[in-house]
Amino acid sequence: MDNRGSSLKGGSLLLLLLVGSNLVVSKSVPSLSICHYGAVNCQVSLGDLFERAVILSHYIHNLSAEMFAEFDKRYAQGRGFITKAINSCHTSSLSTPEDKEQAQQIRQEDLLSVILSMLRAWNVPLYHLVMEVRGMQEAPDAILSRAIEIEEQNKRLLEGMEKIVGQVHPGIRENEIYSVWSGLPSLQMDDEDARLFAFYNLLHCLRRDSHKIDNYLKLLKCRMIYDSKC
(Lines give C-alpha, C1' and ligand atoms only; values in the text may rest on other atoms or scores of the structure.)
Protein backbone atom coordinates (compact mmCIF):
# COMPACT_ATOMS: atom_id res chain seq x y z
CA MET A 1 0.00 0.00 0.00
CA ASP A 2 1.26 3.50 -0.83
CA ASN A 3 2.13 5.17 2.47
CA ARG A 4 1.35 8.64 1.22
CA GLY A 5 -2.02 7.37 0.07
CA SER A 6 -2.62 5.98 3.53
CA SER A 7 -1.79 9.35 5.04
CA LEU A 8 -4.20 11.11 2.73
CA LYS A 9 -6.88 8.57 3.51
CA GLY A 10 -6.36 9.20 7.21
CA GLY A 11 -6.44 12.90 6.52
CA SER A 12 -9.90 12.58 4.99
CA LEU A 13 -11.13 11.89 8.51
CA LEU A 14 -9.66 15.16 9.68
CA LEU A 15 -12.25 17.82 10.40
CA LEU A 16 -9.92 20.75 9.90
CA LEU A 17 -6.89 21.78 7.92
CA LEU A 18 -4.55 24.71 8.23
CA VAL A 19 -3.77 26.58 5.04
CA GLY A 20 -1.13 29.31 5.15
CA SER A 21 -1.46 31.01 8.52
CA ASN A 22 -5.16 30.28 8.95
CA LEU A 23 -7.04 27.37 10.48
CA VAL A 24 -9.38 26.06 7.78
CA VAL A 25 -12.31 23.76 8.43
CA SER A 26 -12.92 20.92 5.98
CA LYS A 27 -16.10 20.63 3.92
CA SER A 28 -17.44 18.06 6.38
CA VAL A 29 -18.23 20.94 8.76
CA PRO A 30 -20.18 23.36 6.54
CA SER A 31 -21.62 25.27 9.51
CA LEU A 32 -18.23 26.86 10.19
CA SER A 33 -16.75 29.61 8.04
CA ILE A 34 -14.02 28.66 5.59
CA CYS A 35 -10.96 30.70 4.68
CA HIS A 36 -9.85 29.52 1.26
CA TYR A 37 -6.20 29.38 0.31
CA GLY A 38 -5.03 32.75 -0.99
CA ALA A 39 -8.02 34.62 0.43
CA VAL A 40 -7.38 38.26 1.30
CA ASN A 41 -8.46 39.67 4.68
CA CYS A 42 -10.00 36.38 5.71
CA GLN A 43 -11.04 36.62 9.35
CA VAL A 44 -11.61 33.67 11.68
CA SER A 45 -13.01 34.36 15.14
CA LEU A 46 -11.09 33.33 18.23
CA GLY A 47 -13.93 30.98 19.11
CA ASP A 48 -13.68 29.22 15.76
CA LEU A 49 -9.90 29.00 16.05
CA PHE A 50 -10.21 27.32 19.43
CA GLU A 51 -12.97 25.00 18.20
CA ARG A 52 -10.84 23.81 15.33
CA ALA A 53 -7.69 23.54 17.45
CA VAL A 54 -9.56 21.32 19.94
CA ILE A 55 -10.87 19.08 17.15
CA LEU A 56 -7.38 18.76 15.68
CA SER A 57 -5.68 18.07 19.01
CA HIS A 58 -8.25 15.36 19.76
CA TYR A 59 -7.61 13.83 16.34
CA ILE A 60 -3.85 13.80 16.99
CA HIS A 61 -4.34 12.18 20.39
CA ASN A 62 -6.58 9.47 18.95
CA LEU A 63 -3.97 8.68 16.29
CA SER A 64 -1.24 8.61 18.94
CA ALA A 65 -3.21 6.20 21.11
CA GLU A 66 -3.92 3.93 18.13
CA MET A 67 -0.28 3.95 17.04
CA PHE A 68 0.94 3.14 20.55
CA ALA A 69 -1.56 0.28 20.87
CA GLU A 70 -0.48 -1.15 17.52
CA PHE A 71 3.21 -0.98 18.40
CA ASP A 72 2.58 -2.48 21.84
CA LYS A 73 0.67 -5.39 20.29
CA ARG A 74 3.29 -6.11 17.63
CA TYR A 75 6.59 -5.47 19.39
CA ALA A 76 6.29 -5.00 23.16
CA GLN A 77 4.39 -8.01 24.44
CA GLY A 78 6.30 -9.80 27.20
CA ARG A 79 9.24 -7.37 27.16
CA GLY A 80 8.30 -5.41 30.31
CA PHE A 81 8.69 -2.06 28.60
CA ILE A 82 5.95 -0.28 30.55
CA THR A 83 7.82 -0.52 33.85
CA LYS A 84 10.82 1.27 32.32
CA ALA A 85 8.84 3.94 30.48
CA ILE A 86 7.57 5.84 33.52
CA ASN A 87 8.70 9.48 33.70
CA SER A 88 11.34 9.18 30.98
CA CYS A 89 9.92 11.58 28.39
CA HIS A 90 12.02 14.35 26.89
CA THR A 91 9.27 16.82 27.78
CA SER A 92 9.48 15.93 31.48
CA SER A 93 11.69 18.98 31.93
CA LEU A 94 8.68 21.16 31.15
CA SER A 95 6.57 22.14 34.13
CA THR A 96 3.09 20.95 33.19
CA PRO A 97 -0.07 20.55 35.30
CA GLU A 98 -0.78 16.90 36.01
CA ASP A 99 -4.55 17.10 36.18
CA LYS A 100 -7.53 19.34 35.48
CA GLU A 101 -7.51 20.87 38.95
CA GLN A 102 -3.87 21.97 38.61
CA ALA A 103 -4.47 23.29 35.10
CA GLN A 104 -7.36 25.43 36.31
CA GLN A 105 -5.01 27.22 38.71
CA ILE A 106 -2.60 28.29 35.96
CA ARG A 107 -2.89 31.64 34.19
CA GLN A 108 -4.15 31.49 30.63
CA GLU A 109 -0.95 32.86 29.14
CA ASP A 110 1.14 30.32 31.05
CA LEU A 111 -1.03 27.44 29.85
CA LEU A 112 -0.79 28.71 26.28
CA SER A 113 2.99 28.86 26.67
CA VAL A 114 3.05 25.26 27.91
CA ILE A 115 1.06 24.11 24.88
CA LEU A 116 3.38 25.92 22.46
CA SER A 117 6.46 24.46 24.17
CA MET A 118 5.08 20.92 24.05
CA LEU A 119 4.05 21.15 20.39
CA ARG A 120 7.46 22.55 19.38
CA ALA A 121 9.24 19.93 21.48
CA TRP A 122 7.67 17.24 19.28
CA ASN A 123 8.64 18.66 15.88
CA VAL A 124 12.08 17.01 15.74
CA PRO A 125 11.21 13.63 17.32
CA LEU A 126 8.17 13.21 15.09
CA TYR A 127 10.26 13.86 11.98
CA HIS A 128 12.81 11.24 13.02
CA LEU A 129 10.09 8.83 14.12
CA VAL A 130 8.75 8.80 10.57
CA MET A 131 12.24 8.36 9.10
CA GLU A 132 13.16 5.49 11.42
CA VAL A 133 9.85 3.66 11.11
CA ARG A 134 10.28 3.80 7.33
CA GLY A 135 13.62 2.05 7.80
CA MET A 136 12.20 -0.79 9.90
CA GLN A 137 11.93 -4.15 8.16
CA GLU A 138 8.32 -4.87 7.30
CA ALA A 139 7.20 -1.71 9.08
CA PRO A 140 3.42 -2.01 9.61
CA ASP A 141 1.52 0.51 7.52
CA ALA A 142 -0.85 0.99 10.46
CA ILE A 143 2.08 2.52 12.38
CA LEU A 144 3.83 4.36 9.55
CA SER A 145 0.70 6.01 8.15
CA ARG A 146 -0.25 7.30 11.58
CA ALA A 147 3.28 8.58 12.25
CA ILE A 148 3.22 10.52 8.98
CA GLU A 149 -0.21 11.95 9.70
CA ILE A 150 0.67 12.95 13.26
CA GLU A 151 3.84 14.73 12.14
CA GLU A 152 1.89 16.75 9.57
CA GLN A 153 -0.99 17.61 11.88
CA ASN A 154 1.27 18.54 14.81
CA LYS A 155 2.82 21.23 12.59
CA ARG A 156 -0.63 22.47 11.63
CA LEU A 157 -1.82 22.55 15.22
CA LEU A 158 1.31 24.48 16.19
CA GLU A 159 0.66 26.92 13.36
CA GLY A 160 -2.90 27.39 14.57
CA MET A 161 -1.82 27.87 18.19
CA GLU A 162 0.72 30.49 17.11
CA LYS A 163 -2.15 32.33 15.43
CA ILE A 164 -4.24 32.14 18.60
CA VAL A 165 -1.35 33.31 20.76
CA GLY A 166 -0.67 36.14 18.32
CA GLN A 167 -4.21 37.37 18.93
CA VAL A 168 -4.45 37.08 22.70
CA HIS A 169 -0.92 37.04 24.18
CA PRO A 170 1.69 37.97 21.52
CA GLY A 171 4.45 38.35 24.12
CA ILE A 172 4.40 34.64 24.96
CA ARG A 173 6.75 33.71 22.11
CA GLU A 174 9.52 35.76 23.70
CA ASN A 175 9.32 33.77 26.95
CA GLU A 176 9.07 30.23 25.58
CA ILE A 177 10.82 27.39 27.39
CA TYR A 178 12.44 24.79 25.15
CA SER A 179 12.77 21.05 25.65
CA VAL A 180 15.42 19.34 23.54
CA TRP A 181 15.05 15.76 22.32
CA SER A 182 18.23 13.69 22.09
CA GLY A 183 16.76 10.25 21.49
CA LEU A 184 17.76 9.61 17.86
CA PRO A 185 20.78 7.37 18.70
CA SER A 186 18.48 5.16 20.77
CA LEU A 187 16.15 4.65 17.79
CA GLN A 188 19.15 3.51 15.73
CA MET A 189 20.75 1.05 18.18
CA ASP A 190 21.78 -2.39 16.96
CA ASP A 191 20.44 -4.09 20.08
CA GLU A 192 16.87 -4.97 19.15
CA ASP A 193 15.40 -4.84 22.65
CA ALA A 194 16.99 -1.45 23.35
CA ARG A 195 15.87 -0.06 20.00
CA LEU A 196 12.30 -1.32 20.38
CA PHE A 197 12.13 0.12 23.86
CA ALA A 198 13.25 3.50 22.50
CA PHE A 199 10.37 3.40 20.00
CA TYR A 200 7.97 2.22 22.68
CA ASN A 201 9.00 4.97 25.07
CA LEU A 202 8.72 7.67 22.40
CA LEU A 203 5.22 6.52 21.43
CA HIS A 204 4.25 6.25 25.09
CA CYS A 205 5.39 9.84 25.66
CA LEU A 206 3.61 11.05 22.53
CA ARG A 207 0.35 9.50 23.70
CA ARG A 208 0.79 11.10 27.12
CA ASP A 209 1.68 14.56 25.81
CA SER A 210 -1.00 14.62 23.12
CA HIS A 211 -3.54 13.81 25.81
CA LYS A 212 -2.25 16.67 27.97
CA ILE A 213 -2.40 19.13 25.07
CA ASP A 214 -5.92 17.99 24.23
CA ASN A 215 -7.08 18.53 27.81
CA TYR A 216 -5.34 21.89 28.17
CA LEU A 217 -6.91 23.18 24.96
CA LYS A 218 -10.39 22.10 26.02
CA LEU A 219 -9.90 23.89 29.33
CA LEU A 220 -8.58 27.05 27.67
CA LYS A 221 -11.50 27.05 25.25
CA CYS A 222 -13.92 27.07 28.18
CA ARG A 223 -12.02 29.76 30.05
CA MET A 224 -11.26 32.10 27.16
CA ILE A 225 -14.37 31.68 25.02
CA TYR A 226 -17.12 30.85 27.50
CA ASP A 227 -15.59 32.45 30.64
CA SER A 228 -16.10 29.21 32.54
CA LYS A 229 -13.85 26.71 34.35
CA CYS A 230 -15.74 23.78 32.80
# chains A, B, ... in the order shown; residues from 1 in each chain; ligands from 1
call {"tool": "residues_around", "arguments": {"residues": "Ile143 of chain A", "least_positions_apart": "4", "cutoff": "10 Å", "atoms": "only C-alpha atoms", "output": "list in words"}}
result
Leu63, Ser64, Glu66, Met67, Phe68, Ala69, Glu70, Phe71, Val130, Val133, Arg134, Ala139, Ala147 and Ile148 of chain A
call {"tool": "write_last_selection", "arguments": {"atoms": "N, CA and C atoms", "output": "PDB file, in the first residue's frame"}}
result
ATOM      1  N   LEU A  63      -4.960   9.347  17.124  1.00  0.00           N
ATOM      2  CA  LEU A  63      -3.968   8.676  16.286  1.00  0.00           C
ATOM      3  C   LEU A  63      -2.789   8.179  17.126  1.00  0.00           C
ATOM      4  N   SER A  64      -2.358   8.989  18.079  1.00  0.00           N
ATOM      5  CA  SER A  64      -1.237   8.607  18.938  1.00  0.00           C
ATOM      6  C   SER A  64      -1.566   7.376  19.767  1.00  0.00           C
ATOM      7  N   GLU A  66      -3.822   5.080  19.033  1.00  0.00           N
ATOM      8  CA  GLU A  66      -3.923   3.932  18.126  1.00  0.00           C
ATOM      9  C   GLU A  66      -2.536   3.425  17.726  1.00  0.00           C
ATOM     10  N   MET A  67      -1.622   4.346  17.444  1.00  0.00           N
ATOM     11  CA  MET A  67      -0.277   3.946  17.037  1.00  0.00           C
ATOM     12  C   MET A  67       0.455   3.249  18.175  1.00  0.00           C
ATOM     13  N   PHE A  68       0.317   3.776  19.390  1.00  0.00           N
ATOM     14  CA  PHE A  68       0.941   3.138  20.546  1.00  0.00           C
ATOM     15  C   PHE A  68       0.383   1.733  20.765  1.00  0.00           C
ATOM     16  N   ALA A  69      -0.932   1.589  20.672  1.00  0.00           N
ATOM     17  CA  ALA A  69      -1.560   0.282  20.874  1.00  0.00           C
ATOM     18  C   ALA A  69      -1.088  -0.720  19.834  1.00  0.00           C
ATOM     19  N   GLU A  70      -0.945  -0.267  18.590  1.00  0.00           N
ATOM     20  CA  GLU A  70      -0.485  -1.151  17.517  1.00  0.00           C
ATOM     21  C   GLU A  70       0.959  -1.578  17.743  1.00  0.00           C
ATOM     22  N   PHE A  71       1.802  -0.642  18.137  1.00  0.00           N
ATOM     23  CA  PHE A  71       3.206  -0.981  18.400  1.00  0.00           C
ATOM     24  C   PHE A  71       3.316  -1.920  19.598  1.00  0.00           C
ATOM     25  N   VAL A 130       9.184   9.202  11.910  1.00  0.00           N
ATOM     26  CA  VAL A 130       8.749   8.799  10.568  1.00  0.00           C
ATOM     27  C   VAL A 130       9.910   8.199   9.795  1.00  0.00           C
ATOM     28  N   VAL A 133      10.865   4.685  11.351  1.00  0.00           N
ATOM     29  CA  VAL A 133       9.847   3.657  11.110  1.00  0.00           C
ATOM     30  C   VAL A 133       9.904   3.214   9.652  1.00  0.00           C
ATOM     31  N   ARG A 134      10.141   4.155   8.747  1.00  0.00           N
ATOM     32  CA  ARG A 134      10.276   3.796   7.335  1.00  0.00           C
ATOM     33  C   ARG A 134      11.421   2.823   7.120  1.00  0.00           C
ATOM     34  N   ALA A 139       7.877  -2.672   8.210  1.00  0.00           N
ATOM     35  CA  ALA A 139       7.195  -1.708   9.076  1.00  0.00           C
ATOM     36  C   ALA A 139       5.693  -1.738   8.803  1.00  0.00           C
ATOM     37  N   ALA A 147       2.127   7.729  11.933  1.00  0.00           N
ATOM     38  CA  ALA A 147       3.280   8.577  12.251  1.00  0.00           C
ATOM     39  C   ALA A 147       3.378   9.743  11.278  1.00  0.00           C
ATOM     40  N   ILE A 148       3.179   9.466   9.996  1.00  0.00           N
ATOM     41  CA  ILE A 148       3.219  10.520   8.976  1.00  0.00           C
ATOM     42  C   ILE A 148       2.116  11.541   9.222  1.00  0.00           C
TER      43      ILE A 148
END
call {"tool": "residues_around", "arguments": {"residues": "Pro125 of chain A", "least_positions_apart": "6", "cutoff": "12 Å", "atoms": "only C-alpha atoms", "output": "PyMOL selection string"}}
result
chain A and resi 89-91+118-119+131-133+147-148+150-151+154+179-187+198-199+201-203+205-206
call {"tool": "closest_residue", "arguments": {"among": "A:Phe197, A:Tyr127, A:Phe50, A:Tyr75", "to": "Met161 of chain A", "atoms": "only C-alpha atoms"}}
result
A:Phe50
call {"tool": "closest_residue", "arguments": {"among": "A:Arg74, A:Arg107, A:Arg79, A:Lys84", "to": "Leu219 of chain A", "atoms": "only C-alpha atoms"}}
result
A:Arg107
